[in-house]
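Listing of upload-v3.cif, mmCIF, C-alpha atoms
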```cif
data_work
#
loop_
_atom_site.label_atom_id
_atom_site.label_comp_id
_atom_site.auth_asym_id
_atom_site.auth_seq_id
_atom_site.Cartn_x
_atom_site.Cartn_y
_atom_site.Cartn_z
CA MET A 1 -19.94 1.88 -16.89
CA SER A 2 -17.42 4.70 -17.23
CA SER A 3 -13.90 4.07 -15.94
CA ASN A 4 -13.93 7.66 -14.66
CA ILE A 5 -16.37 6.87 -11.84
CA VAL A 6 -14.69 6.42 -8.46
CA TRP A 7 -16.43 5.36 -5.23
CA HIS A 8 -16.33 8.12 -2.58
CA GLU A 9 -16.25 6.88 1.01
CA ALA A 10 -18.84 8.43 3.35
CA SER A 11 -17.66 10.48 6.33
CA VAL A 12 -20.30 8.83 8.55
CA THR A 13 -20.33 5.03 8.62
CA LYS A 14 -23.25 2.64 8.65
CA ASP A 15 -22.27 1.44 12.12
CA GLU A 16 -22.17 5.02 13.42
CA ARG A 17 -25.66 5.63 12.06
CA ARG A 18 -26.92 2.39 13.60
CA SER A 19 -25.40 3.37 16.92
CA GLN A 20 -27.10 6.77 16.81
CA ASN A 21 -30.44 5.19 15.84
CA LYS A 22 -30.05 2.45 18.49
CA HIS A 23 -31.16 -0.32 16.14
CA GLN A 24 -29.96 -2.39 13.21
CA SER A 25 -30.58 -1.37 9.60
CA PHE A 26 -31.94 -3.96 7.21
CA ILE A 27 -34.48 -4.72 4.49
CA LEU A 28 -37.79 -6.34 5.28
CA TRP A 29 -38.65 -7.59 1.80
CA PHE A 30 -42.41 -8.28 1.65
CA THR A 31 -43.28 -10.50 -1.30
CA GLY A 32 -46.59 -12.04 -2.29
CA LEU A 33 -49.47 -11.79 -4.72
CA SER A 34 -51.37 -8.60 -5.42
CA ALA A 35 -53.97 -8.09 -2.63
CA SER A 36 -52.16 -10.45 -0.26
CA GLY A 37 -51.70 -7.58 2.20
CA LYS A 38 -48.04 -6.65 1.66
CA SER A 39 -48.54 -2.88 1.71
CA SER A 40 -51.07 -2.95 4.53
CA ILE A 41 -48.81 -5.01 6.78
CA ALA A 42 -45.67 -3.06 5.85
CA ASN A 43 -47.32 0.29 6.58
CA ALA A 44 -48.89 -0.89 9.83
CA PHE A 45 -45.52 -2.22 10.96
CA ALA A 46 -43.78 0.99 9.89
CA ARG A 47 -46.20 2.95 12.08
CA GLN A 48 -45.35 0.71 15.02
CA LEU A 49 -41.63 1.12 14.38
CA TYR A 50 -42.05 4.89 14.24
CA GLU A 51 -43.89 4.91 17.55
CA ARG A 52 -41.03 2.88 19.07
CA GLY A 53 -38.55 5.51 17.86
CA ASN A 54 -37.10 3.38 15.05
CA GLN A 55 -36.04 4.96 11.76
CA ALA A 56 -38.04 3.17 9.04
CA PHE A 57 -39.40 3.84 5.55
CA VAL A 58 -41.78 1.94 3.26
CA LEU A 59 -41.03 1.55 -0.43
CA ASP A 60 -44.32 0.54 -2.06
CA GLY A 61 -44.54 -0.97 -5.53
CA ASP A 62 -47.25 1.33 -6.87
CA ASN A 63 -45.74 4.44 -5.30
CA VAL A 64 -42.27 3.78 -6.74
CA ARG A 65 -43.77 3.30 -10.19
CA HIS A 66 -45.18 6.83 -9.98
CA GLY A 67 -41.66 8.25 -9.98
CA LEU A 68 -38.36 6.37 -9.96
CA ASN A 69 -39.66 3.46 -12.05
CA LYS A 70 -42.40 5.11 -14.10
CA ASP A 71 -40.46 4.28 -17.27
CA LEU A 72 -40.76 0.52 -16.70
CA GLY A 73 -43.39 -1.87 -17.97
CA PHE A 74 -44.71 -5.10 -16.46
CA ASP A 75 -43.09 -7.59 -18.81
CA GLU A 76 -40.36 -9.82 -17.38
CA SER A 77 -37.51 -7.45 -18.21
CA GLY A 78 -39.39 -4.47 -16.76
CA ARG A 79 -40.14 -6.36 -13.57
CA LYS A 80 -36.50 -7.43 -13.22
CA GLU A 81 -35.23 -3.86 -13.63
CA ASN A 82 -37.87 -2.62 -11.18
CA ILE A 83 -36.58 -4.98 -8.49
CA ARG A 84 -32.91 -4.27 -9.30
CA ARG A 85 -33.44 -0.53 -8.81
CA ILE A 86 -35.39 -1.06 -5.59
CA GLY A 87 -32.58 -3.29 -4.34
CA GLU A 88 -30.05 -0.53 -4.91
CA VAL A 89 -32.26 2.07 -3.22
CA SER A 90 -32.83 -0.30 -0.29
CA LYS A 91 -29.08 -0.73 0.08
CA LEU A 92 -28.76 3.05 0.45
CA PHE A 93 -31.35 2.98 3.23
CA ILE A 94 -29.33 0.31 5.03
CA GLU A 95 -26.21 2.45 4.73
CA SER A 96 -28.17 5.36 6.24
CA GLY A 97 -28.93 3.24 9.29
CA GLN A 98 -32.63 2.81 8.57
CA ILE A 99 -35.04 -0.08 8.35
CA VAL A 100 -36.54 -0.24 4.87
CA LEU A 101 -39.77 -2.13 4.27
CA THR A 102 -40.36 -3.01 0.63
CA ALA A 103 -43.80 -4.09 -0.57
CA PHE A 104 -43.36 -5.55 -4.05
CA ILE A 105 -44.88 -8.61 -5.67
CA SER A 106 -41.34 -9.39 -6.90
CA PRO A 107 -42.52 -12.64 -8.53
CA TYR A 108 -39.14 -14.15 -9.45
CA ARG A 109 -36.88 -15.91 -6.93
CA GLU A 110 -33.81 -14.98 -8.97
CA ASP A 111 -34.57 -11.26 -8.67
CA ARG A 112 -35.08 -11.47 -4.92
CA GLN A 113 -31.79 -13.34 -4.65
CA VAL A 114 -30.04 -10.56 -6.59
CA VAL A 115 -31.18 -8.06 -3.94
CA ARG A 116 -30.13 -10.40 -1.11
CA GLU A 117 -26.63 -10.56 -2.60
CA LEU A 118 -26.38 -6.75 -2.76
CA VAL A 119 -26.25 -6.49 1.02
CA GLU A 120 -24.41 -8.17 3.88
CA ASP A 121 -25.53 -11.33 5.66
CA GLY A 122 -28.46 -10.64 7.95
CA GLU A 123 -29.45 -7.41 6.18
CA PHE A 124 -32.09 -8.98 3.90
CA ILE A 125 -35.13 -10.53 5.56
CA GLU A 126 -37.55 -12.09 3.11
CA VAL A 127 -41.13 -11.90 4.36
CA PHE A 128 -43.52 -14.11 2.40
CA VAL A 129 -47.05 -12.77 2.74
CA LYS A 130 -48.84 -16.04 2.08
CA CYS A 131 -52.32 -15.84 0.62
CA SER A 132 -53.98 -17.97 -2.07
CA VAL A 133 -54.77 -16.47 -5.43
CA GLU A 134 -58.43 -17.34 -4.80
CA THR A 135 -58.54 -15.22 -1.63
CA CYS A 136 -56.57 -12.39 -3.25
CA GLU A 137 -58.99 -12.41 -6.16
CA LYS A 138 -61.97 -12.21 -3.78
CA ARG A 139 -60.41 -9.21 -2.04
CA ASP A 140 -59.34 -7.45 -5.26
CA PRO A 141 -59.35 -3.92 -3.72
CA LYS A 142 -58.09 -2.28 -6.93
CA GLY A 143 -60.20 -4.35 -9.34
CA LEU A 144 -57.05 -5.70 -11.00
CA TYR A 145 -57.97 -9.38 -10.95
CA LYS A 146 -61.28 -8.59 -12.61
CA LYS A 147 -59.44 -6.72 -15.35
CA ALA A 148 -56.86 -9.50 -15.68
CA ARG A 149 -59.62 -12.11 -16.11
CA LYS A 150 -61.03 -9.98 -18.94
CA ALA A 151 -57.54 -9.82 -20.50
CA GLU A 152 -57.51 -6.04 -19.98
CA ILE A 153 -54.21 -6.38 -18.09
CA ALA A 154 -51.39 -8.42 -19.60
CA ASN A 155 -48.72 -10.23 -17.56
CA PHE A 156 -50.74 -10.15 -14.34
CA THR A 157 -49.05 -12.18 -11.62
CA GLY A 158 -51.07 -15.19 -10.52
CA ILE A 159 -53.34 -15.07 -13.58
CA SER A 160 -51.34 -14.61 -16.79
CA ALA A 161 -47.82 -14.41 -15.31
CA PRO A 162 -46.08 -16.67 -12.78
CA TYR A 163 -45.35 -16.12 -9.10
CA GLU A 164 -42.48 -18.09 -7.61
CA GLU A 165 -43.05 -18.55 -3.89
CA PRO A 166 -39.97 -18.17 -1.68
CA GLU A 167 -38.36 -21.52 -0.88
CA ASN A 168 -36.74 -20.51 2.42
CA PRO A 169 -38.07 -17.13 3.57
CA GLU A 170 -36.94 -15.85 6.94
CA ILE A 171 -40.55 -15.06 7.86
CA ILE A 172 -43.94 -16.33 6.62
CA LEU A 173 -47.04 -14.30 7.41
CA ASP A 174 -50.31 -16.10 6.71
CA SER A 175 -52.46 -13.14 5.70
CA GLU A 176 -55.23 -15.42 4.51
CA HIS A 177 -55.99 -16.57 8.05
CA HIS A 178 -54.59 -13.72 10.16
CA THR A 179 -55.40 -10.03 10.39
CA VAL A 180 -52.96 -7.23 9.61
CA GLU A 181 -52.65 -6.60 13.35
CA GLU A 182 -51.82 -10.24 14.05
CA CYS A 183 -49.19 -10.25 11.30
CA VAL A 184 -47.62 -7.10 12.79
CA GLU A 185 -47.54 -8.76 16.22
CA GLN A 186 -45.78 -11.76 14.70
CA LEU A 187 -43.21 -9.54 12.98
CA THR A 188 -42.55 -7.61 16.17
CA SER A 189 -42.07 -10.80 18.16
CA ILE A 190 -39.68 -12.38 15.64
CA LEU A 191 -37.54 -9.28 15.06
CA THR A 192 -37.34 -8.47 18.76
CA ALA A 193 -36.27 -12.03 19.57
CA LYS A 194 -33.56 -11.85 16.90
CA GLY A 195 -32.29 -8.48 18.17
CA TYR A 196 -33.14 -6.46 15.06
CA ILE A 197 -35.38 -4.01 16.91
#
```

Could you take the file, read its structure, and then write that structure out as structure tokens?
Amino acid sequence: MSSNIVWHEASVTKDERRSQNKHQSFILWFTGLSASGKSSIANAFARQLYERGNQAFVLDGDNVRHGLNKDLGFDESGRKENIRRIGEVSKLFIESGQIVLTAFISPYREDRQVVRELVEDGEFIEVFVKCSVETCEKRDPKGLYKKARKAEIANFTGISAPYEEPENPEIILDSEHHTVEECVEQLTSILTAKGYI
């Protein structure tokens, strides 16, 4: 990094933005296997937040790889850099006073911990969208598991690449046995009780 780069303090603080928005800013980090329901739950919850007047934005794994991270592959180093960049973008959303919902497989505990350490205590909420690989494979809305089984996709999480479940997530949503709507209700209840929304 160049020694000629100097941090410029913002004229509007994070606390001022939170005060104006009338809610906390934080990351809801949805992690889980492909087809576990991360994006569906995140987007449904974002709609609810919007209707409540909360400032929220979803960063979706596939969508981000169409632009910001289109230069990255799916090997371990590419996945790590993908999550690092999303962590930095998420931190900017927190500074802007918004709730950011990230829907990324993010298979490695170490990478999720790196993002947690980027922000202040209480600003990173890990949401484990729990669903067995068998159920995810039955759902397979994009046909990715089928391709992975035929070895048409390399490094596919849950099949030919590992997924490290969170050890102590703040929230667990059982998407195998509960609907998207039920998971959203659970999120709303937990975050309201904790004073986040």

Within 9 Å of range 152-155 of chain A: each range 42-135 of chain A residue with its shortest pair, only C-alpha atoms, as a Markdown table:
```
| residue | atom | partner | partner_atom | distance |
| --- | --- | --- | --- | --- |
| A:Phe74 | CA | A:Asn155 | CA | 6.6 |
| A:Asp75 | CA | A:Asn155 | CA | 6.3 |
| A:Glu76 | CA | A:Asn155 | CA | 8.4 |
```

Next on the checklist: Please list as number ranges by chain every residue within 12 Å of Asn63 in chain A, counting all atoms listed in the file and excluding residues in the same chain fewer than 5 positions away.
Outcome noted: A: 39, 58, 68-70, 86, 102-104

Item to check | Spatial neighbours of Arg116 in chain A, max dist 10 Å, all atoms listed in the file, sep filter under 3 positions, as an MDAnalysis selection string | outcome: chainID A and resid 27 29 87 91 110:113 119:126

Could you please take those selected residues and save C-alpha atoms as a compact mmCIF listing (two decimals), keeping the file's coordinate frame?
```
# COMPACT_ATOMS: atom_id res chain seq x y z
CA ILE A 27 -34.48 -4.72 4.49
CA TRP A 29 -38.65 -7.59 1.80
CA GLY A 87 -32.58 -3.29 -4.34
CA LYS A 91 -29.08 -0.73 0.08
CA GLU A 110 -33.81 -14.98 -8.97
CA ASP A 111 -34.57 -11.26 -8.67
CA ARG A 112 -35.08 -11.47 -4.92
CA GLN A 113 -31.79 -13.34 -4.65
CA VAL A 119 -26.25 -6.49 1.02
CA GLU A 120 -24.41 -8.17 3.88
CA ASP A 121 -25.53 -11.33 5.66
CA GLY A 122 -28.46 -10.64 7.95
CA GLU A 123 -29.45 -7.41 6.18
CA PHE A 124 -32.09 -8.98 3.90
CA ILE A 125 -35.13 -10.53 5.56
CA GLU A 126 -37.55 -12.09 3.11
```

Checklist entry - Using all atoms listed in the file, which residue out of A:Ile197, A:Lys146, A:Lys138, A:Gly37 lies closest to Ser25 in chain A? => result A:Ile197

Item to check | Point-to-point distance from CA of Arg109 in chain A to CA of Ala193 in chain A, Å rounded to tenths | outcome: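 Separation between CA of Arg109 in chain A and CA of Ala193 in chain A: 26.8 Å.
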
Checklist entry - Using all atoms listed in the file, which of the listed residues (A:Thr157, A:Ser175, A:Thr192, A:Asn54) sits closest to Leu33 in chain A? => result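 The answer is A:Thr157, which sits nearest to Leu33 in chain A.
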
Checklist entry - CA of Ile105 in chain A and CA of Ser34 in chain A are how many Å apart? => result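 Going from CA of Ile105 in chain A over to CA of Ser34 in chain A covers 6.5 Å.
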
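Comparing A:Asn4, A:Asn82, A:Gln48, A:Gln98 by their smallest distance to Lys22 in chain A, the closest is A:Gln98 (using all atoms listed in the file).
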
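The residues returned by the PyMOL selection byres ((chain A and resi 35) around 10) on the shown structure are Gly32, Leu33, Ser34, Ser36, Gly37, Lys38, Ser39, Ser40, Ile105, Val129, Cys131, Ser132, Val133, Thr135, Cys136, Glu137, Lys138, Arg139, Asp140, Pro141, Lys142, Gly143, Leu144, Tyr145 and Ser175 of chain A.
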
Just-selected residues, C-alpha atoms written as a PDB file, in the coordinates of the input:
```pdb
ATOM      1  CA  GLY A  32     -46.590 -12.040  -2.290  1.00  0.00           C
ATOM      2  CA  LEU A  33     -49.470 -11.790  -4.720  1.00  0.00           C
ATOM      3  CA  SER A  34     -51.370  -8.600  -5.420  1.00  0.00           C
ATOM      4  CA  SER A  36     -52.160 -10.450  -0.260  1.00  0.00           C
ATOM      5  CA  GLY A  37     -51.700  -7.580   2.200  1.00  0.00           C
ATOM      6  CA  LYS A  38     -48.040  -6.650   1.660  1.00  0.00           C
ATOM      7  CA  SER A  39     -48.540  -2.880   1.710  1.00  0.00           C
ATOM      8  CA  SER A  40     -51.070  -2.950   4.530  1.00  0.00           C
ATOM      9  CA  ILE A 105     -44.880  -8.610  -5.670  1.00  0.00           C
ATOM     10  CA  VAL A 129     -47.050 -12.770   2.740  1.00  0.00           C
ATOM     11  CA  CYS A 131     -52.320 -15.840   0.620  1.00  0.00           C
ATOM     12  CA  SER A 132     -53.980 -17.970  -2.070  1.00  0.00           C
ATOM     13  CA  VAL A 133     -54.770 -16.470  -5.430  1.00  0.00           C
ATOM     14  CA  THR A 135     -58.540 -15.220  -1.630  1.00  0.00           C
ATOM     15  CA  CYS A 136     -56.570 -12.390  -3.250  1.00  0.00           C
ATOM     16  CA  GLU A 137     -58.990 -12.410  -6.160  1.00  0.00           C
ATOM     17  CA  LYS A 138     -61.970 -12.210  -3.780  1.00  0.00           C
ATOM     18  CA  ARG A 139     -60.410  -9.210  -2.040  1.00  0.00           C
ATOM     19  CA  ASP A 140     -59.340  -7.450  -5.260  1.00  0.00           C
ATOM     20  CA  PRO A 141     -59.350  -3.920  -3.720  1.00  0.00           C
ATOM     21  CA  LYS A 142     -58.090  -2.280  -6.930  1.00  0.00           C
ATOM     22  CA  GLY A 143     -60.200  -4.350  -9.340  1.00  0.00           C
ATOM     23  CA  LEU A 144     -57.050  -5.700 -11.000  1.00  0.00           C
ATOM     24  CA  TYR A 145     -57.970  -9.380 -10.950  1.00  0.00           C
ATOM     25  CA  SER A 175     -52.460 -13.140   5.700  1.00  0.00           C
TER      26      SER A 175
END
```

Checklist entry - With all atoms listed in the file as the basis for distance, which of A:Tyr163, A:Arg149, A:Asp174, A:Ser106 is at the shortest distance from Gly78 in chain A? => result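 Closest residue, counting all atoms listed in the file: A:Ser106.
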
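Using only C-alpha atoms for every distance, the candidate list A:Tyr108, A:Trp7, A:Phe45, A:Tyr196 yields A:Tyr196 as the residue closest to Asn21 in chain A.
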
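Counting only C-alpha atoms, the residue from A:Ser96, A:Arg85, A:Tyr50, A:Glu182 that sits nearest to Val115 in chain A is A:Arg85.
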
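From CA of Ser19 in chain A back to CA of Thr188 in chain A, the distance works out to 20.4 Å.
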